[in-house]
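Here the structure is laid out as structure tokens; the discussion comes afterwards.
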Amino acid sequence: FLLYRGDSMSTTEATNLFFSITKLFQCKDMALRQMVYLTIKELSTISEDVIMVTSSLMKDMQPTSEITYRANAIRALCKIVDPSMLPGIERFLKGAIVEKSPLIASAALVSSLHLFNEAKDVVRRWGNEVGEALNGKSLSSNSSFFGSSSSQGQVVSTSNIVQYHAIGLLYAIRQHDRMAVLKLVQSFSGQNKGSGGWLGGGASSSVLRSNAAQVMLIRYAVRVMESDGSLVPQLHALLEEWIRHRSDMVSLEAARAVCQLKDVTDKQLTAAVNALQLFLSSPKAVVRFAAIRTLNVLARTHAEAVQPCNVDMEGLITDSNRSVATFAITTLLKTGNEASVERLMKQMQGFMAEISDEFKIIVAEAVRSLCS
């Protein structure tokens with residue numbers, strides 16, 4: 001609490017507090033133990049000799065410990081471990097990445113991602129294990145890395161968060177290999193079924209069940225498009241498939257990606273604009289905001305492509321969310337004709353008194369652009 005509040009500690013104070021807190025490793029209260037791990041991570045950057053607590057953390061990583069303890073111990077250990085010591089715990093972390101418990105697997109994946117900048121060569125060797133986690137494969141309940149059952153106290157998760165963390169780490173490992181990134185996109189896009197996809201080879205049954213992971217895959221696909229223009233047609237078709245995804249988050253990300261492509265034509269924007277137009281009437285304010293904001297940015301360069309949405313955007317001027325209403329007004333100022341702009345200016349007279357100064361500046365700049 002003191003650190004989050006901004007209070008500072010001397011090295012001596014932090015060190016004394018650090019080693020006093022480690023005595024609580026024997027405490028059986030789960031909430032208090034979790035606070036111990038959190039405090040260790042926070043004090044590790046300003047305390048001395050923090051490596052002395054390694055043995056206690058390793059003990060909490062054993063399969064006989066509670067899953068919550070094991071996951072937090074991984075995070076804390078990776079925070080205090082020196083890169084030169086990483087090979088010593090490498091085998092353990094590789095096993096944790098493919099553990100059946102999503103809590104442990106996610107802790108290992110996120111910790112590995114934090115370690116990547118300091119020990120790239122070591123973490124790159126874990127690609128196979130990360131790939132197993134991404135594909136949903138894991139060790140069986142009787143073949144844990146530790147040699148005993150890992151199913152005791154198992155926590156079943158339906159969030160598929162492990163895939164989200166795994167795809168982020170796998171991209172970090174392969175980001176400088178364009179063909180490897182392309183294979184990653186192809187493997188989880190469903191585009192290599194039957195015909196063998198863009199790169200040839202057999203079909204893949206890999207499936208991303210995490211919507212957050214799908215969003216990351218869209219971003220990686222866009223980076224491939226930017227680096228290799230020959231793949232734009234195939235990947236653009238893939239983006240249009242993602243636009244039709246049942247998840248609003250994935251569909252919005254795909255539409256935004258298409259709208260931000262370089263040299264995109266109005267024809268190529270049709271599917272994205274149509275999807276965004278539907279989102280303007282969503283009952284969720286965050287979805288309406290994401291859609292109108294994307295259209296607002298697109299209107300700067302492709303005002304004609306956005307014009308079919310004018311009627312829907314006019315309905316958002318009176319939206320209860322003032323942020324949505326502000327973007328609706330500024331977008332209409334870019335896409336409207338003379339009659340609609342005149343009508344809009346009359347509506348703005350009462351609107352300006354209801355918004356913050358920040359949004360007033362946005363509206364004023366939009367009006368200035370219209371007059372220039």
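Each chain of the structure tokens is named A, B, ... in the order shown, its residues numbered from 1; ligands are numbered from 1 in display order.
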When DSSP is applied to the backbone of this structure, which of stretch 183-347 of chain A are assigned helix (DSSP H, G or I)? Write them out as number ranges by chain. A: 183-189, 211-227, 229-243, 248-259, 266-279, 285-298, 303-314, 322-335, 338-347
Near-A:Leu298 list (7 Å; only C-alpha atoms; drop same-chain fewer than 4 positions) as a PyMOL selection string: chain A and resi 259+294+302
Next, write the just-selected residues to a file, as an mmCIF file, in the first residue's frame, keeping N, CA, C and O atoms as the atom set.
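Output file part08.cif is given in full below:
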data_model
loop_
_atom_site.group_PDB
_atom_site.id
_atom_site.type_symbol
_atom_site.label_atom_id
_atom_site.label_comp_id
_atom_site.auth_asym_id
_atom_site.auth_seq_id
_atom_site.Cartn_x
_atom_site.Cartn_y
_atom_site.Cartn_z
ATOM 1 N N CYS A 259 -9.681 -0.906 -41.876
ATOM 2 C CA CYS A 259 -9.770 0.548 -42.036
ATOM 3 C C CYS A 259 -8.410 1.229 -41.956
ATOM 4 O O CYS A 259 -8.228 2.334 -42.491
ATOM 5 N N THR A 294 -13.687 4.275 -34.690
ATOM 6 C CA THR A 294 -13.036 3.746 -35.890
ATOM 7 C C THR A 294 -13.522 4.477 -37.128
ATOM 8 O O THR A 294 -12.730 4.831 -38.014
ATOM 9 N N HIS A 302 -11.259 8.619 -45.957
ATOM 10 C CA HIS A 302 -12.245 7.987 -46.835
ATOM 11 C C HIS A 302 -13.657 8.407 -46.415
ATOM 12 O O HIS A 302 -14.475 7.588 -45.979
#
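Going from atom CA of A:Asn16 to atom CA of A:Ala119 covers 29.6 Å.
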When distances are computed from only C-alpha atoms, which of A:Ala275, A:Ala213, A:Val36, A:Val185 shows the smallest separation from A:Leu231? A:Val185
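Restricting the calculation to only C-alpha atoms, the smallest distance between A:Glu118 and any of A:Ile104, A:Ala133, A:Lys79, A:Arg223 is found for A:Lys79.
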Distance query A:Gln268 at most 12 Å, only C-alpha atoms, self and fewer than 5 positions along chain excluded, as a PyMOL selection string: chain A and resi 232-233+236-237+239-240+255+257-263+273-274+302+305
Would you pick out the contacts of stretch 165-172 of chain A at 7 Å or less, using only C-alpha atoms, so that residues sharing its chain but fewer than 4 positions from it are not included, and give the list as a ChimeraX atom specification? /A:106,109-110,113,127,130,133-134,161,181,213
Residues as selected, N, CA, C and O atoms, written as a short mmCIF file (atom, residue, chain, number, x, y, z; two decimals), in the first residue's frame, can you do that?
data_model
loop_
_atom_site.label_atom_id
_atom_site.label_comp_id
_atom_site.auth_asym_id
_atom_site.auth_seq_id
_atom_site.Cartn_x
_atom_site.Cartn_y
_atom_site.Cartn_z
N SER A 106 -0.59 -20.15 -17.13
CA SER A 106 -0.59 -18.72 -17.42
C SER A 106 0.49 -17.99 -16.65
O SER A 106 1.14 -17.08 -17.17
N LEU A 109 3.73 -18.68 -18.45
CA LEU A 109 3.80 -18.00 -19.75
C LEU A 109 4.04 -16.51 -19.59
O LEU A 109 4.90 -15.92 -20.27
N VAL A 110 3.30 -15.88 -18.68
CA VAL A 110 3.47 -14.44 -18.47
C VAL A 110 4.85 -14.14 -17.90
O VAL A 110 5.51 -13.17 -18.30
N LEU A 113 7.36 -14.30 -20.60
CA LEU A 113 7.31 -13.12 -21.46
C LEU A 113 8.08 -11.97 -20.83
O LEU A 113 8.78 -11.21 -21.51
N GLY A 127 10.05 -22.84 -27.29
CA GLY A 127 9.03 -22.70 -28.33
C GLY A 127 8.10 -23.90 -28.43
O GLY A 127 6.89 -23.73 -28.63
N VAL A 130 5.60 -23.83 -25.56
CA VAL A 130 4.63 -22.75 -25.75
C VAL A 130 3.63 -23.14 -26.84
O VAL A 130 2.43 -22.87 -26.73
N ALA A 133 1.05 -25.42 -25.36
CA ALA A 133 0.07 -24.67 -24.57
C ALA A 133 -0.92 -23.95 -25.48
O ALA A 133 -2.13 -23.89 -25.21
N LEU A 134 -0.43 -23.42 -26.59
CA LEU A 134 -1.30 -22.71 -27.53
C LEU A 134 -2.28 -23.65 -28.20
O LEU A 134 -3.43 -23.29 -28.47
N ILE A 161 -7.64 -18.39 -21.26
CA ILE A 161 -6.64 -17.33 -21.14
C ILE A 161 -5.24 -17.83 -21.46
O ILE A 161 -4.36 -17.06 -21.85
N VAL A 181 6.06 -16.40 -38.48
CA VAL A 181 4.87 -15.63 -38.10
C VAL A 181 3.73 -15.93 -39.07
O VAL A 181 2.56 -16.09 -38.66
N ALA A 213 -7.03 -14.01 -27.92
CA ALA A 213 -5.97 -14.56 -28.77
C ALA A 213 -6.28 -14.30 -30.24
O ALA A 213 -5.37 -14.04 -31.05
#
